[in-house]
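All remarks here apply to the structure that follows.
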Amino acid sequence: MKLQYLSHSAFLVTTNDGMRILIDPFLDNNPKSPVKSSDIQADYILVSHAHGDHLGDTVKIARRCGALTICVYELANILKNEGIETHAMHIGGSHIFPFGKVKFTIAHHGSKTEDGIHAGQPAGILLTIEGKTIYHAGDTGLFLDMKLIGEMNAIYAALLPIGDNFTMGIDDAVKASEFLNPNITIPMHYNTFPVIAADPQEFVDKLQKNNRECKILEIGEIIEI
Ligand code: NI
Ligand code: MN
């Protein structure tokens, strides 16, 4: 499959069959995204939580593309009222979709919509496609259960927030990578706004000291995994 970094915590996964799975599509109000929501084609949208920088342009893209939005139950109910098709799941549950398997994990964070409506719990996402597992941590602080997630899943790529303030910073994300034990670690959720400024090279260097591979993706960059 192909994994494209769209900036912030937004990624686009394209399977070998050409199915497009969009994660946390924050594009139109994202100062770092060269891509606008109208440029994106998606068949499925995975949303970690309801904050504006993750839910982002989900409704617009889902309406235009007819994409199925996959998220926790409470957020799915809110989105259903916006007239888009949803598949509700919850923490600890997994489901097989035509593109592969999705499982939601815990994330220590909040999940209110921009309108102040509680949208259930925030989540992390385990996505298994073509035998490879990607873990998108969503927005979260470090938690010890990442060790369990790493033990029970052969994670190929761990997408971890490093921007601090709202989520893990670099040192906690280094520990998270140790717990999760992925083949590669990819930083996200940094430098979009001044308050989450972080140097991804510092993350790479600290992981390298632990013999862990880290790949900084440029905005728009696509890797084959
Ligand atoms: Ni958030
Ligand atoms: Mn966020």
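Following the order of the structure tokens, first chain is A, next is B, and so on, with residues numbered from 1 inside each chain and ligands from 1 in the order they appear.
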Against ligand 1, which residues of chain A fall within 7 Å? For each one I want the closest pair of atoms and the distance in Å (one decimal), counting only C-alpha atoms and all ligand atoms, rows by chain and increasing residue number, as JSON lines.
{"residue": "A:His49", "atom": "CA", "partner": "ligand 1", "partner_atom_place_in_ligand_line": "1 (Ni)", "distance": 6.7}
{"residue": "A:His51", "atom": "CA", "partner": "ligand 1", "partner_atom_place_in_ligand_line": "1 (Ni)", "distance": 4.9}
{"residue": "A:Asp53", "atom": "CA", "partner": "ligand 1", "partner_atom_place_in_ligand_line": "1 (Ni)", "distance": 6.8}
{"residue": "A:His54", "atom": "CA", "partner": "ligand 1", "partner_atom_place_in_ligand_line": "1 (Ni)", "distance": 6.8}
{"residue": "A:His109", "atom": "CA", "partner": "ligand 1", "partner_atom_place_in_ligand_line": "1 (Ni)", "distance": 6.6}
{"residue": "A:Gly110", "atom": "CA", "partner": "ligand 1", "partner_atom_place_in_ligand_line": "1 (Ni)", "distance": 6.4}
{"residue": "A:Ser111", "atom": "CA", "partner": "ligand 1", "partner_atom_place_in_ligand_line": "1 (Ni)", "distance": 6.7}
{"residue": "A:Asp139", "atom": "CA", "partner": "ligand 1", "partner_atom_place_in_ligand_line": "1 (Ni)", "distance": 5.2}
{"residue": "A:Phe166", "atom": "CA", "partner": "ligand 1", "partner_atom_place_in_ligand_line": "1 (Ni)", "distance": 6.9}
I need the chosen residues saved as a short mmCIF file (atom, residue, chain, number, x, y, z; two decimals), in the first residue's frame, with N, CA, C and O atoms.
data_model
loop_
_atom_site.label_atom_id
_atom_site.label_comp_id
_atom_site.auth_asym_id
_atom_site.auth_seq_id
_atom_site.Cartn_x
_atom_site.Cartn_y
_atom_site.Cartn_z
N HIS A 49 -10.86 11.63 16.46
CA HIS A 49 -11.67 12.35 17.45
C HIS A 49 -12.23 13.62 16.81
O HIS A 49 -11.89 13.95 15.68
N HIS A 51 -12.04 16.92 17.45
CA HIS A 51 -11.41 18.24 17.40
C HIS A 51 -11.25 18.68 15.94
O HIS A 51 -11.01 17.84 15.05
N ASP A 53 -9.00 19.99 14.21
CA ASP A 53 -7.78 19.67 13.45
C ASP A 53 -7.66 18.18 13.14
O ASP A 53 -6.61 17.72 12.66
N HIS A 54 -8.76 17.42 13.39
CA HIS A 54 -8.77 15.98 13.04
C HIS A 54 -10.04 15.62 12.25
O HIS A 54 -9.96 15.07 11.17
N HIS A 109 -7.07 12.02 25.82
CA HIS A 109 -7.28 13.32 25.17
C HIS A 109 -8.74 13.70 25.36
O HIS A 109 -9.44 13.11 26.19
N GLY A 110 -9.24 14.70 24.62
CA GLY A 110 -10.65 15.07 24.65
C GLY A 110 -11.27 14.85 23.29
O GLY A 110 -10.57 14.49 22.34
N SER A 111 -12.59 15.05 23.19
CA SER A 111 -13.23 14.91 21.87
C SER A 111 -14.54 15.67 21.81
O SER A 111 -15.62 15.07 21.71
N ASP A 139 -4.57 11.97 18.83
CA ASP A 139 -3.97 12.88 19.81
C ASP A 139 -3.99 12.15 21.14
O ASP A 139 -5.04 11.72 21.61
N PHE A 166 -0.55 19.70 23.49
CA PHE A 166 -1.84 18.98 23.47
C PHE A 166 -1.64 17.46 23.50
O PHE A 166 -2.60 16.72 23.74
#
Ligand 2 neighbours within 12 Å using only C-alpha atoms and all ligand atoms, as JSON, numbers by chain: {"A": [7, 8, 9, 10, 24, 25, 26, 30, 47, 48, 49, 50, 51, 52, 53, 54, 55, 56, 107, 108, 109, 110, 111, 112, 113, 122, 123, 137, 138, 139, 140, 141, 160, 161, 162, 163, 164, 165, 166, 167, 168, 188, 189, 190, 191, 192, 193, 195, 196]}
Near-region 95-106 of chain A list (7 Å; only C-alpha atoms; drop same-chain fewer than 6 positions) as number ranges by chain: A: 19, 123-129
Region 40-44 of chain A surroundings by only C-alpha atoms, 7 Å radius, close-in-sequence under 4 positions cut, as number ranges by chain: A: 19-22, 65, 67-69
Counting only C-alpha atoms, the residue of A:Glu213, A:Asp145, A:Asp205, A:Asp172 that sits nearest Ile184 (chain A):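 The closest residue to Ile184 (chain A) is A:Glu213.
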All helix (DSSP H, G or I) residues (DSSP, backbone) inside region 49-174 of chain A, as a PyMOL selection string: chain A and resi 52-55+58-65+73-80+146-152+170-174
Residue set, chain A restricted to strand (DSSP E or B), as a PyMOL selection string: chain A and resi 2-7+10-14+20-23+44-46+68-72+86-89+91+94-97+100-106+112+118+123-129+132-136+155-161+184-188+214+222-224
Length of the CA of Asn81 (chain A) to CA of Arg63 (chain A) vector [Å]: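 Separation between CA of Asn81 (chain A) and CA of Arg63 (chain A): 12.3 Å.
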Neighbour list for Lys132 (chain A) as a count of residues only, cut-off 9 Å, only C-alpha atoms, skip fewer than 4 positions in-chain: 8
For Glu151 (chain A), the nearest of the candidates A:Leu180, A:Cys214, A:Leu6, A:Val35, counting only C-alpha atoms: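 Distance minimum relative to Glu151 (chain A) lands on A:Leu180.
The residue that comes closest to Thr185 (chain A), out of A:Lys2, A:His136, A:Lys209, A:Lys147 and on the basis of only C-alpha atoms, is A:His136.
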